[in-house]
Each structure stands twice: as C-alpha cells, then as structure tokens.
$ cat start.txt   # compact mmCIF, C-alpha atoms
# COMPACT_ATOMS: atom_id res chain seq x y z
CA MET A 3 -11.11 31.07 33.10
CA ASP A 4 -10.57 29.32 36.39
CA ARG A 5 -7.81 26.81 36.88
CA PRO A 6 -7.07 24.20 35.67
CA SER A 7 -5.87 26.04 32.59
CA LEU A 8 -6.33 24.57 29.11
CA GLU A 9 -2.82 23.13 29.28
CA GLU A 10 -3.48 21.67 32.73
CA LEU A 11 -6.74 20.08 31.60
CA LEU A 12 -5.09 18.37 28.64
CA GLU A 13 -2.31 17.21 30.94
CA ALA A 14 -4.86 15.71 33.35
CA VAL A 15 -6.61 13.80 30.56
CA GLY A 16 -3.26 12.53 29.27
CA GLU A 17 -2.22 11.32 32.72
CA PHE A 18 -5.53 9.52 33.17
CA LEU A 19 -5.23 7.74 29.82
CA GLU A 20 -1.63 6.78 30.32
CA LYS A 21 -1.43 5.92 34.01
CA GLU A 22 -4.94 4.70 34.85
CA LEU A 23 -6.69 3.49 31.71
CA LEU A 24 -3.88 1.98 29.63
CA PRO A 25 -2.37 -0.42 32.22
CA GLY A 26 -5.76 -2.12 32.65
CA LEU A 27 -6.47 -2.60 28.94
CA ALA A 28 -5.93 -6.08 27.53
CA ASP A 29 -7.63 -5.73 24.12
CA PRO A 30 -4.83 -4.87 21.63
CA ARG A 31 -7.18 -2.76 19.50
CA LEU A 32 -8.18 -0.59 22.45
CA ARG A 33 -4.57 -0.34 23.65
CA PHE A 34 -3.50 0.86 20.22
CA GLN A 35 -6.34 3.38 19.97
CA THR A 36 -5.49 4.69 23.44
CA LEU A 37 -1.85 5.20 22.44
CA VAL A 38 -3.06 7.05 19.34
CA ALA A 39 -5.32 9.20 21.54
CA LEU A 40 -2.33 10.04 23.75
CA ASN A 41 -0.40 11.03 20.66
CA ALA A 42 -3.27 13.27 19.58
CA LEU A 43 -3.26 14.93 23.00
CA GLY A 44 0.50 15.46 22.68
CA ILE A 45 -0.04 17.21 19.34
CA ALA A 46 -2.71 19.44 20.86
CA ARG A 47 -0.45 20.36 23.82
CA ARG A 48 2.51 21.18 21.56
CA GLU A 49 0.29 23.30 19.33
CA LEU A 50 -0.96 25.15 22.36
CA GLY A 51 2.61 25.98 23.34
CA LEU A 52 4.21 26.58 19.94
CA GLY A 53 1.44 27.09 17.41
CA GLU A 54 1.17 30.86 17.47
CA ALA A 55 4.90 31.50 17.18
CA LEU A 56 5.31 28.93 14.37
CA GLU A 57 2.41 30.39 12.43
CA ALA A 58 3.90 33.87 12.78
CA GLU A 59 7.20 32.60 11.34
CA ASP A 60 5.36 30.99 8.44
CA ARG A 61 3.40 34.16 7.72
CA LYS A 62 6.51 36.34 7.86
CA GLU A 63 8.66 34.12 5.61
CA LEU A 64 5.90 33.39 3.13
CA GLY A 65 4.83 37.04 3.02
CA ALA A 66 8.41 37.95 2.08
CA LEU A 67 8.57 35.17 -0.53
CA LEU A 68 5.33 36.29 -2.21
CA GLY A 69 5.79 40.00 -1.59
CA ARG A 70 2.45 40.55 0.13
CA GLU A 71 0.63 40.17 3.41
CA ALA A 72 -2.47 38.07 3.97
CA PRO A 73 -3.77 35.37 6.32
CA LEU A 74 -1.48 32.33 6.27
CA GLU A 75 -4.01 29.96 4.69
CA GLU A 76 -4.47 32.38 1.80
CA LEU A 77 -0.70 32.76 1.29
CA LEU A 78 -0.22 28.98 1.33
CA GLY A 79 -2.98 28.66 -1.27
CA ALA A 80 -1.29 31.30 -3.42
CA LEU A 81 2.06 29.51 -3.19
CA ALA A 82 0.43 26.18 -4.05
CA ALA A 83 -1.14 27.75 -7.16
CA ARG A 84 2.16 29.33 -8.25
CA ILE A 85 3.94 25.95 -7.91
CA ARG A 86 1.26 24.24 -9.98
CA GLU A 87 1.57 26.88 -12.70
CA GLY A 88 5.35 26.46 -12.77
CA GLN A 89 5.80 29.99 -11.35
CA ALA A 90 7.31 29.16 -7.95
CA PRO A 91 9.36 32.13 -6.69
CA PRO A 92 13.10 31.57 -5.99
CA GLY A 93 13.53 30.30 -2.43
CA THR A 94 10.38 28.18 -2.53
CA LEU A 95 12.08 24.87 -1.64
CA ALA A 96 13.87 26.40 1.37
CA PHE A 97 10.59 27.90 2.59
CA LEU A 98 8.72 24.63 2.12
CA LYS A 99 11.29 22.68 4.14
CA ALA A 100 11.09 25.21 6.98
CA HIS A 101 7.27 25.27 6.78
CA VAL A 102 6.89 21.48 6.92
CA ALA A 103 9.54 21.26 9.67
CA ARG A 104 7.41 23.68 11.70
CA LYS A 105 4.32 21.51 11.18
CA LEU A 106 6.36 18.52 12.36
CA ARG A 107 7.56 20.28 15.51
CA VAL A 108 3.90 20.15 16.53
CA ALA A 109 2.75 16.91 14.90
CA SER A 110 5.77 14.63 15.17
CA PRO A 111 8.95 16.24 16.57
CA LYS A 112 10.84 12.92 16.72
CA HIS A 113 10.40 12.50 12.97
CA LEU A 114 12.81 15.37 12.33
CA GLU A 115 15.56 13.43 14.19
CA ARG A 116 15.41 10.79 11.43
CA TYR A 117 17.13 13.16 9.01
CA PRO A 118 20.83 14.08 8.83
CA MET B 17 -23.09 -12.43 13.15
CA LYS B 18 -22.07 -15.78 14.71
CA GLU B 19 -25.18 -17.57 13.42
CA ALA B 20 -24.82 -16.14 9.88
CA LEU B 21 -21.17 -17.13 9.89
CA GLU B 22 -21.93 -20.66 11.06
CA ALA B 23 -24.52 -21.02 8.30
CA ALA B 24 -21.94 -19.94 5.72
CA LEU B 25 -19.19 -22.12 7.16
CA ARG B 26 -21.44 -25.19 7.07
CA GLU B 27 -21.42 -24.83 3.26
CA VAL B 28 -17.65 -24.44 3.05
CA LEU B 29 -16.22 -26.73 5.71
CA GLY B 30 -19.19 -28.86 6.85
CA PRO B 31 -21.27 -28.66 10.01
CA GLY B 32 -19.50 -27.25 13.03
CA GLU B 33 -19.38 -24.48 15.56
CA VAL B 34 -17.73 -21.06 15.72
CA VAL B 35 -15.78 -21.36 18.98
CA ALA B 36 -14.00 -17.98 18.80
CA LEU B 37 -14.73 -14.74 16.98
CA LYS B 38 -12.58 -11.68 17.54
CA ARG B 39 -12.28 -8.35 15.75
CA LEU B 40 -8.66 -7.53 14.96
CA PRO B 41 -7.02 -4.09 15.16
CA GLY B 42 -6.46 -1.96 12.07
CA GLY B 43 -8.40 -2.43 8.86
CA ALA B 44 -10.40 0.77 8.97
CA SER B 45 -12.19 0.45 5.63
CA LYS B 46 -12.54 -3.31 5.88
CA GLU B 47 -13.01 -5.20 9.10
CA ALA B 48 -10.76 -8.11 9.97
CA TRP B 49 -11.87 -10.94 12.24
CA ALA B 50 -10.10 -13.99 13.60
CA VAL B 51 -12.49 -16.95 13.58
CA ASP B 52 -12.01 -20.41 15.02
CA TYR B 53 -14.39 -23.03 13.62
CA ARG B 54 -14.62 -26.54 14.99
CA THR B 55 -15.86 -29.44 12.88
CA GLY B 56 -15.80 -32.60 14.96
CA GLU B 57 -12.20 -33.04 16.13
CA VAL B 58 -10.71 -30.48 13.74
CA LEU B 59 -10.20 -26.84 14.66
CA HIS B 60 -9.94 -24.51 11.65
CA PRO B 61 -8.19 -21.18 12.28
CA LEU B 62 -9.80 -18.74 9.84
CA PHE B 63 -9.58 -15.12 8.89
CA LEU B 64 -12.62 -13.13 7.86
CA ARG B 65 -12.57 -9.93 5.82
CA ARG B 66 -15.81 -7.98 5.96
CA ALA B 67 -16.81 -4.66 4.38
CA GLY B 68 -16.55 -1.73 6.78
CA GLY B 69 -17.38 1.97 6.54
CA GLY B 70 -16.22 2.64 2.97
CA ALA B 71 -13.24 2.54 0.63
CA ILE B 72 -10.15 4.72 1.16
CA TYR B 73 -9.10 5.22 -2.42
CA ARG B 74 -11.07 5.28 -5.63
CA GLY B 75 -10.63 2.10 -7.57
CA THR B 76 -10.20 -0.35 -4.71
CA LEU B 77 -11.42 -3.85 -5.38
CA SER B 78 -14.69 -5.13 -4.04
CA LEU B 79 -14.36 -8.06 -1.67
CA ALA B 80 -15.71 -10.34 -4.42
CA GLU B 81 -12.92 -9.20 -6.75
CA GLU B 82 -10.27 -9.42 -4.04
CA PHE B 83 -11.40 -12.98 -3.32
CA ARG B 84 -11.20 -13.91 -7.01
CA LEU B 85 -7.75 -12.36 -7.32
CA LEU B 86 -6.55 -14.37 -4.31
CA GLN B 87 -7.75 -17.55 -6.02
CA VAL B 88 -5.90 -16.66 -9.23
CA ALA B 89 -2.73 -15.65 -7.36
CA ARG B 90 -2.79 -18.88 -5.37
CA ALA B 91 -3.27 -20.95 -8.54
CA HIS B 92 -0.14 -19.31 -9.97
CA GLY B 93 1.98 -20.08 -6.93
CA VAL B 94 1.94 -16.69 -5.21
CA LYS B 95 2.16 -17.10 -1.44
CA VAL B 96 -1.29 -16.06 -0.22
CA PRO B 97 -3.67 -17.32 2.46
CA GLU B 98 -5.97 -19.99 1.04
CA PRO B 99 -9.25 -18.31 0.02
CA LEU B 100 -12.12 -20.50 1.26
CA GLY B 101 -15.38 -18.84 0.39
CA TYR B 102 -17.04 -15.60 -0.63
CA LEU B 103 -20.06 -14.54 1.45
CA PRO B 104 -22.20 -11.95 -0.39
CA ASP B 105 -24.32 -11.16 2.67
CA LEU B 106 -22.89 -11.62 6.13
CA GLY B 107 -25.01 -9.53 8.45
CA GLY B 108 -25.83 -7.16 5.58
CA ARG B 109 -22.28 -6.78 4.25
CA GLU B 110 -20.10 -8.74 1.86
CA ALA B 111 -17.22 -10.76 3.25
CA PHE B 112 -14.84 -13.58 2.48
CA LEU B 113 -13.04 -16.27 4.42
CA MET B 114 -9.44 -17.39 4.26
CA ARG B 115 -7.38 -19.84 6.24
CA ARG B 116 -5.54 -17.99 9.01
CA LEU B 117 -1.80 -18.46 8.80
CA SER B 118 0.51 -17.84 11.70
CA GLY B 119 3.19 -15.24 11.54
CA GLU B 120 3.80 -11.57 12.16
CA ALA B 121 2.54 -8.78 9.91
CA ILE B 122 2.91 -5.75 12.19
CA GLY B 123 5.61 -3.66 10.52
CA ALA B 124 7.34 -2.35 13.65
CA ARG B 125 7.80 -5.94 14.87
CA VAL B 126 8.91 -7.36 11.52
CA VAL B 127 11.75 -4.82 11.26
CA ARG B 128 12.88 -5.15 14.90
CA ARG B 129 12.05 -8.43 16.66
CA PRO B 130 15.24 -10.47 17.31
CA GLU B 131 13.48 -13.76 16.49
CA LEU B 132 12.77 -12.46 12.97
CA ALA B 133 16.43 -11.63 12.20
CA ARG B 134 16.81 -14.67 9.94
CA ALA B 135 13.60 -13.74 8.10
CA ARG B 136 14.91 -10.22 7.47
CA GLU B 137 18.01 -11.70 5.82
CA VAL B 138 15.97 -13.64 3.28
CA LEU B 139 13.13 -11.12 2.84
CA PRO B 140 14.67 -8.97 0.08
CA ARG B 141 15.01 -11.96 -2.23
CA ALA B 142 11.70 -13.47 -1.13
CA MET B 143 9.90 -10.17 -1.79
CA ALA B 144 11.43 -10.08 -5.29
CA GLU B 145 10.27 -13.64 -5.95
CA GLU B 146 6.67 -12.91 -4.99
CA LEU B 147 6.61 -9.71 -7.04
CA ALA B 148 8.00 -11.56 -10.06
CA LYS B 149 5.10 -14.06 -9.77
CA ILE B 150 2.49 -11.33 -9.21
CA HIS B 151 3.70 -9.32 -12.21
CA ALA B 152 3.41 -12.47 -14.36
CA LEU B 153 -0.26 -13.13 -13.47
CA PRO B 154 -2.31 -13.31 -16.69
CA PRO B 155 -4.54 -10.20 -16.87
CA LEU B 156 -7.15 -12.26 -18.76
CA GLU B 157 -7.82 -14.29 -15.63
CA VAL B 158 -8.64 -11.11 -13.69
CA PRO B 159 -10.71 -9.17 -16.24
CA PHE B 160 -12.07 -6.83 -13.55
CA LEU B 161 -8.61 -5.22 -13.39
CA ARG B 162 -8.98 -2.77 -16.24
CA PRO B 163 -6.17 -0.79 -17.82
CA SER B 164 -6.42 2.98 -17.62
CA THR B 165 -6.65 4.93 -20.86
CA LEU B 166 -3.68 7.02 -19.74
CA PRO B 167 -0.17 5.65 -19.16
CA PRO B 168 0.03 4.42 -15.53
CA TRP B 169 2.35 7.23 -14.39
CA ARG B 170 0.08 9.85 -15.87
CA ALA B 171 -3.06 8.26 -14.42
CA ALA B 172 -1.40 8.23 -10.99
CA LEU B 173 -0.64 11.96 -11.21
CA GLU B 174 -4.17 12.82 -12.38
CA GLU B 175 -5.57 10.92 -9.43
CA ALA B 176 -3.16 12.62 -7.04
CA TYR B 177 -4.16 16.09 -8.28
CA ARG B 178 -7.84 15.14 -7.94
CA ASP B 179 -7.23 13.99 -4.37
CA LEU B 180 -5.26 17.13 -3.55
CA ASP B 181 -7.98 19.41 -4.92
CA ALA B 182 -10.65 17.57 -2.94
CA LEU B 183 -8.93 18.25 0.40
CA GLY B 184 -10.02 21.88 0.70
CA GLU B 185 -6.66 22.84 2.22
CA PRO B 186 -3.44 23.98 0.50
CA HIS B 187 -0.43 21.62 0.55
CA PRO B 188 2.34 23.40 -1.33
CA ALA B 189 4.92 20.70 -0.44
CA LEU B 190 2.82 18.07 -2.22
CA GLU B 191 2.36 20.48 -5.14
CA TRP B 192 6.15 20.73 -5.31
CA GLY B 193 6.48 16.95 -5.48
CA LEU B 194 3.74 16.58 -8.10
CA ARG B 195 5.21 19.34 -10.26
CA TRP B 196 8.59 17.57 -10.25
CA LEU B 197 6.95 14.23 -11.09
CA LEU B 198 5.00 15.77 -13.95
CA TYR B 199 8.13 17.27 -15.51
CA HIS B 200 10.32 14.17 -15.14
CA PRO B 201 8.07 11.43 -16.54
CA PRO B 202 9.39 7.86 -16.47
CA GLY B 203 9.79 5.80 -19.63
CA GLU B 204 6.89 3.44 -20.19
CA LEU B 205 6.77 -0.31 -19.60
CA PRO B 206 4.03 -2.73 -20.66
CA PRO B 207 1.34 -2.90 -17.93
CA VAL B 208 1.27 -5.85 -15.52
CA VAL B 209 -0.88 -6.94 -12.59
CA VAL B 210 0.32 -4.71 -9.74
CA HIS B 211 -0.42 -5.60 -6.10
CA GLY B 212 -0.73 -1.92 -5.23
CA ASP B 213 0.19 -2.11 -1.51
CA PHE B 214 3.21 -4.42 -1.44
CA ARG B 215 5.20 -3.47 1.65
CA ILE B 216 6.29 -4.56 5.11
CA GLY B 217 3.09 -4.45 7.14
CA ASN B 218 1.19 -6.30 4.42
CA LEU B 219 3.56 -9.25 4.34
CA LEU B 220 3.11 -12.09 6.80
CA VAL B 221 6.50 -13.19 8.10
CA ASP B 222 7.69 -15.97 10.41
CA GLY B 223 11.12 -17.00 11.72
CA GLU B 224 12.03 -18.55 8.38
CA GLY B 225 10.88 -15.81 6.03
CA LEU B 226 7.92 -14.70 3.96
CA VAL B 227 4.70 -16.65 4.65
CA ALA B 228 2.12 -14.76 2.60
CA VAL B 229 1.32 -11.58 0.71
CA LEU B 230 -1.78 -9.94 2.23
CA ASP B 231 -4.16 -7.04 1.48
CA TRP B 232 -4.83 -7.16 -2.25
CA GLU B 233 -7.57 -4.52 -2.41
CA PHE B 234 -5.42 -1.97 -4.28
CA ALA B 235 -4.46 -4.34 -7.11
CA HIS B 236 -4.69 -2.91 -10.61
CA LEU B 237 -2.98 -3.03 -13.98
CA GLY B 238 0.01 -0.74 -13.93
CA ASP B 239 3.74 -0.21 -13.99
CA PRO B 240 5.81 -2.92 -12.25
CA ARG B 241 8.08 -0.22 -10.78
CA GLU B 242 5.15 1.04 -8.71
CA ASP B 243 5.27 -2.19 -6.65
CA LEU B 244 9.06 -2.29 -6.59
CA ALA B 245 9.39 1.24 -5.20
CA TRP B 246 6.47 1.22 -2.73
CA PRO B 247 8.34 -0.77 -0.02
CA LEU B 248 11.14 1.84 -0.24
CA VAL B 249 8.88 4.62 1.04
CA ARG B 250 10.28 5.78 4.38
CA ALA B 251 7.03 5.27 6.30
CA TRP B 252 7.25 1.55 5.51
CA ARG B 253 10.71 1.26 7.08
CA PHE B 254 9.04 1.60 10.49
CA GLY B 255 11.94 3.56 11.94
CA GLU B 256 14.74 1.36 10.53
CA ASP B 257 15.67 4.09 8.08
CA GLY B 258 19.13 2.74 7.21
CA LYS B 259 17.59 -0.30 5.49
CA ARG B 260 15.99 1.27 2.46
CA LEU B 261 13.94 -1.76 1.53
CA GLY B 262 11.13 -1.72 4.06
CA GLY B 263 13.46 -1.48 7.07
CA VAL B 264 14.65 -5.06 6.44
CA GLY B 265 17.36 -4.89 3.79
CA GLU B 266 18.97 -3.30 0.79
CA VAL B 267 17.46 -2.52 -2.58
CA GLY B 268 20.34 -4.06 -4.61
CA PRO B 269 19.78 -7.78 -3.91
CA PHE B 270 16.00 -7.30 -4.15
CA LEU B 271 16.16 -5.70 -7.58
CA GLU B 272 18.85 -8.10 -8.82
CA ARG B 273 16.70 -11.11 -7.95
CA TYR B 274 13.62 -9.53 -9.52
CA ASN B 275 15.46 -8.72 -12.75
CA ALA B 276 16.95 -12.24 -12.90
CA LEU B 277 13.47 -13.80 -12.58
CA THR B 278 11.62 -11.47 -14.92
CA GLY B 279 14.24 -10.64 -17.52
CA ARG B 280 13.54 -6.96 -16.91
CA GLY B 281 16.49 -4.62 -16.44
CA ILE B 282 15.04 -2.19 -13.94
CA THR B 283 17.64 0.01 -12.22
CA GLU B 284 17.57 1.53 -8.76
CA GLY B 285 17.70 4.96 -10.40
CA GLU B 286 14.43 4.23 -12.21
CA LEU B 287 12.72 3.52 -8.90
CA PHE B 288 13.38 7.05 -7.65
CA TRP B 289 10.45 8.59 -9.56
CA TRP B 290 8.12 5.94 -8.13
CA GLU B 291 9.50 6.38 -4.62
CA VAL B 292 8.72 10.11 -4.76
CA LEU B 293 5.26 9.27 -6.11
CA GLY B 294 4.78 6.74 -3.29
CA ASN B 295 5.51 9.38 -0.68
CA VAL B 296 3.15 11.88 -2.32
CA ARG B 297 0.42 9.25 -2.51
CA TRP B 298 0.77 8.10 1.08
CA GLY B 299 0.77 11.76 2.18
CA LEU B 300 -2.49 12.25 0.29
CA GLY B 301 -3.79 8.94 1.61
CA ALA B 302 -3.22 10.10 5.19
CA LEU B 303 -4.96 13.42 4.51
CA LYS B 304 -7.91 11.60 2.92
CA GLN B 305 -8.20 9.25 5.87
CA ALA B 306 -8.43 12.23 8.22
CA ARG B 307 -11.28 13.61 6.11
CA ARG B 308 -13.25 10.41 6.57
CA HIS B 309 -13.17 11.22 10.27
CA LEU B 310 -13.86 14.95 9.75
CA ARG B 311 -16.82 14.29 7.44
CA GLY B 312 -18.26 11.78 9.89
CA GLU B 313 -17.95 8.81 7.55
CA GLU B 314 -15.92 7.02 10.17
CA ARG B 315 -15.21 8.80 13.45
CA SER B 316 -11.82 7.62 14.72
CA VAL B 317 -8.96 9.26 16.59
CA GLU B 318 -6.58 7.09 14.54
CA LEU B 319 -7.85 8.54 11.26
CA ALA B 320 -7.93 12.05 12.71
CA VAL B 321 -4.26 12.02 13.69
CA LEU B 322 -3.24 10.93 10.17
CA GLY B 323 -4.19 14.42 8.99
CA ARG B 324 -1.28 15.78 11.01
CA LEU B 325 1.14 12.95 10.27
CA ALA B 326 0.90 13.63 6.53
CA ALA B 327 3.58 16.28 7.15
CA GLU B 328 6.06 13.40 7.62
CA MET B 329 5.55 12.36 4.00
CA GLU B 330 5.69 15.98 2.84
CA TYR B 331 9.07 16.35 4.52
CA GLU B 332 10.34 13.17 2.88
CA VAL B 333 9.23 14.37 -0.58
CA LEU B 334 11.17 17.61 -0.11
CA TYR B 335 14.20 15.76 1.27
CA LEU B 336 14.26 13.31 -1.65
CA LEU B 337 13.98 16.05 -4.24
CA GLU B 338 16.53 18.30 -2.54
CA THR B 339 19.07 15.49 -2.15
CA HIS B 340 18.61 13.44 -5.32
CA GLY B 341 16.16 15.19 -7.63
$ encode --input "start.txt" --output "structure tokens"
Amino acid sequence: MDRPSLEELLEAVGEFLEKELLPGLADPRLRFQTLVALNALGIARRELGLGEALEAEDRKELGALLGREAPLEELLGALAARIREGQAPPGTLAFLKAHVARKLRVASPKHLERYP
Amino acid sequence: MKEALEAALREVLGPGEVVALKRLPGGASKEAWAVDYRTGEVLHPLFLRRAGGGAIYRGTLSLAEEFRLLQVARAHGVKVPEPLGYLPDLGGREAFLMRRLSGEAIGARVVRRPELARAREVLPRAMAEELAKIHALPPLEVPFLRPSTLPPWRAALEEAYRDLDALGEPHPALEWGLRWLLYHPPGELPPVVVHGDFRIGNLLVDGEGLVAVLDWEFAHLGDPREDLAWPLVRAWRFGEDGKRLGGVGEVGPFLERYNALTGRGITEGELFWWEVLGNVRWGLGALKQARRHLRGEERSVELAVLGRLAAEMEYEVLYLLETHG
C-alpha cells in the first residue's frame, strides 16, 4: 500500500479528533464520546504494534500448559472448559495473569500500574 | 417530544411551558433528560428518564416499576429524588419524571474534587444509613420484586454462567473466578430489597454529603451483602484505589454503622465473596454491553470499547483470588 501506512492513518485521525475537533466541542456528551473514540484509536494503534507478538506469547505458553498446539482461540476455549470441569492444569493461575496482563497492555496499559 | 412532555406536565404540575430540554450523557439503555418547566413565576428543574434501546441485564425493572419503587423508598425515608409522574407513552416510549436535585454524581469527580472533601468524610456512614433503610423496605409494598427459587448467591452464579456462555468467546479468567465462587459458597441470609447498583457514580453528592440514591433499575430481592460489597469493586473507586469503599473511604466505619443500624453482624471477610462476584459480574456486564454494539442493537463507540476494558475486571478477579482467596 501507498503511504500513509495503517499506523500513520490512525495517527492522523487521532490528531484530528484531539487537536481540531475536541477543542471546539461544548456538548459534554459529545466531548465524552470523542474521548472514548480517542481511547479506541489508542487501543487499535497498540494492537497494531504489539498484537502479533503478544498473541504468539499466549499461544506458546498456553500450548505448553495444555500440551498441544492449536489456534489461540481454540486453546483458550479448551482451558476455559477445563477450568469449568475442575480440571485446570497446574500453572493455570500464573498463565491467566500473564494472559490478561497482555490483553491490558493493548487495552489499558495504565491499569497495570494500579497494582503492586 | 416537547409537546408531549408539556401535555404530561400540565397534568402533574399545572399549565406551563418547557423552557429547556437537554439530553444528558451516559444512560445507554435508558435516556436521561434535564427538563426545565415554568408554571407562572415558578421554574421547576426536572429530570426525565425515558426508555432507550433495550435493557442491559435480564431482570431489570421497567420504568413503571422503577417509578413505583422510588415512591416506596421515598415514603420510607430513603434519600431519593421526588418521583413526580409516570408517563406510559412519551413519544412512543415509557418514561417518568422526578425533581432534579443539584449535586455531583460523576464518580471521577466525587472521589477527587477538593470541594467534595467534606462529603467524602461523611459518605461511608451516610452510605451505610441509606443501605440500612433500603434493606428494611417491606417486600410486600414492591410485589413486582420476586424472590428467585434458588438462593441469591446461586442464582447470581447461574446468571453469570448464562451470560458467559452467550458471549461466543472464551474468557478463562472469568471461568476461574466463577469456579472459585461456586466452591466457596457464602452462608445464607434472609432476602431483603437490594438496590442492585449501589456505588459511587449512582449516588448524588454535594459539599455536605449524600443527597440521593439514584438508578434503581437493578433492584431485586437478594442478599444484603451484594449491596454492601458492590461499592468495593475496584472499578467504582475511579482510580482512588487506596480507599476501598468506592474511592471515598474505608470499609470498617461503613460496615460498623450498617451493623449498628440493622442488628446484622456482617464482617468484612464475608464481603470478599461478593466483591469477587461483583468484579466477575461487571466484567460480564462490560462484555455484554460491547455485544449490544456488535449486534447492532445500539451502535456506540463507548459500548464497543467496554469489550476490551473487561480485561481490567478479569485482572482484578485474578489478583483478589491470588492475594486473598
């Protein structure tokens, strides 16, 4: 594809929302929705940068935990079923914390700073 | 809508004119409007709740029921906005009117604004006092709140599993929380009227303290500890994590006051189970909200983002169980 790249396009939209649109908005509802939209763009940009590597970590760790290889969604489904049946493999809690922390690095990185 | 509203207001407050009508932020499933109505020399600040796209959770009250519950709560001395009239058909949707009180309900401001410092000091005890009154409301006066056939804790878990299975996406962290809850059931208490969403963000506060308890649509008959633990959920501390009670204070004085008023002997330890449940439920709530956007029931970037923010509650569930479970 030609430039701007995907990352550069998202950046341009973010800059427009933040620097041009937001300062002129008086309606609190629209201001709030615009801030939420900026947050959504931030999530998309972080996923673009980190998503593939984080998913690979998830797949590797979860594959080791369950002793098999499969697409990540399928492995997560298998782990969920094992937990529900009371058959969670040893190491499940440690994996889950790392897995959710990886989701948060994309969705809400500041949230992780709220924990000791 | 202005004409329909004026026709309805004529019945309730006498002839007059709607001089301001403004949609307020938030309130995805139910719209919120600020209305100013003038009758002669008197200006009435009013608040209108009107049905929106659809309900978030199963078992939420209709606006007619919420209106009735507000009347009952007010009659028993609970601090609520004065309910003025129920409107079965306002522009094709049901609605009701209340008097609009002044104060702050936005959670991030309640926990942080310097001018509300005094209110934060008195809030833990004030919250306990309102909950004591709510939990003493006579169920016979609100017969539309029906007890579940299962014990409240068990009914809550059944509903959570139903919600989880309806997502169409695996959430092993929530499974972990639910499994723990299922295998550590709380002792049972006689059911009471439970507000169902009692937290900072749904409490109107001014410089002096608690003005009114808002948003009654999740009320049901249940376990009093559900209401006591809900404001402890980290999301409702709005960033003031050190103050476990809703980002405004400590749990001790809150629970002490509640126990003194109700004669119950509920301990902080007992609230832990309900705090974990609260986090699981709000995680599921966020995921469900996102699906309302994804299914096209209500397209909204705000709802969409909640699907990703549910991971915050998942992390909290794991943290709670790792540290205290």
$ residues_around --input "start.txt" --residues "Glu338 of chain B" --least-positions-apart "2" --cutoff "12 Å" --atoms "all atoms listed in the file" --output "list in words"
Thr94, Leu95, Ala96, Leu98 and Lys99 of chain A; Trp192, Gly193, Trp196, Val292, Tyr331, Glu332, Val333, Leu334, Tyr335, Leu336, His340 and Gly341 of chain B
$ closest_atom_pairs --input "start.txt" --of "chain A" --to "chain B" --cutoff "7 Å" --atoms "only C-alpha atoms" --output "CSV"
residue,atom,partner,partner_atom,distance
A:Pro30,CA,B:Pro41,CA,6.9
A:Arg31,CA,B:Pro41,CA,4.5
A:Gln35,CA,B:Glu318,CA,6.6
A:Val38,CA,B:Glu318,CA,6.0
A:Ala39,CA,B:Val317,CA,6.1
A:Ala42,CA,B:Val321,CA,6.1
A:Leu78,CA,B:Pro186,CA,6.0
A:Gly79,CA,B:Pro186,CA,5.0
A:Leu81,CA,B:Pro188,CA,6.4
A:Ala82,CA,B:Pro188,CA,4.3
A:Ile85,CA,B:Trp192,CA,6.2
A:Arg86,CA,B:Glu191,CA,6.2
A:Leu98,CA,B:Ala189,CA,6.0
A:Lys99,CA,B:Leu334,CA,6.6
A:Val102,CA,B:Tyr331,CA,6.1
A:Lys105,CA,B:Ala327,CA,6.6
A:Leu106,CA,B:Ala327,CA,6.3
A:Ala109,CA,B:Arg324,CA,5.7
A:Ser110,CA,B:Leu325,CA,6.9
A:His113,CA,B:Glu328,CA,6.9
$ residues_around --input "start.txt" --residues "Leu50 of chain A" --least-positions-apart "2" --cutoff "12 Å" --atoms "only C-alpha atoms" --output "number ranges by chain"
A: 7-10, 12-13, 43-48, 52-57, 107-109
$ closest_residue --input "start.txt" --among "A:Ala14, A:Pro92, A:Asn41, A:His101" --to "Leu74 of chain A" --atoms "only C-alpha atoms"
A:His101
$ residues_around --input "start.txt" --residues "Gly107 of chain B" --least-positions-apart "3" --cutoff "10 Å" --atoms "all atoms listed in the file" --output "list in words"
Met17, Lys18, Glu19, Ala20, Leu21, Arg66, Leu103, Pro104, Glu110 and Ala111 of chain B
$ residues_around --input "start.txt" --residues "Lys38 of chain B" --least-positions-apart "6" --cutoff "10 Å" --atoms "only C-alpha atoms" --output "PyMOL selection string"
chain B and resi 48-52+63-64
$ closest_residue --input "start.txt" --among "A:Leu67, A:Asp60, A:Phe18, A:Ala103" --to "Arg84 of chain A" --atoms "all atoms listed in the file"
A:Leu67
$ atom_distance --input "start.txt" --atom1 "atom CA of Gly225 of chain B" --atom2 "atom CA of Ile282 of chain B"
24.5 Å
$ residues_around --input "start.txt" --residues "Gly281 of chain B" --least-positions-apart "6" --cutoff "12 Å" --atoms "only C-alpha atoms" --output "ChimeraX atom specification"
/B:205,240-241,271-275,287
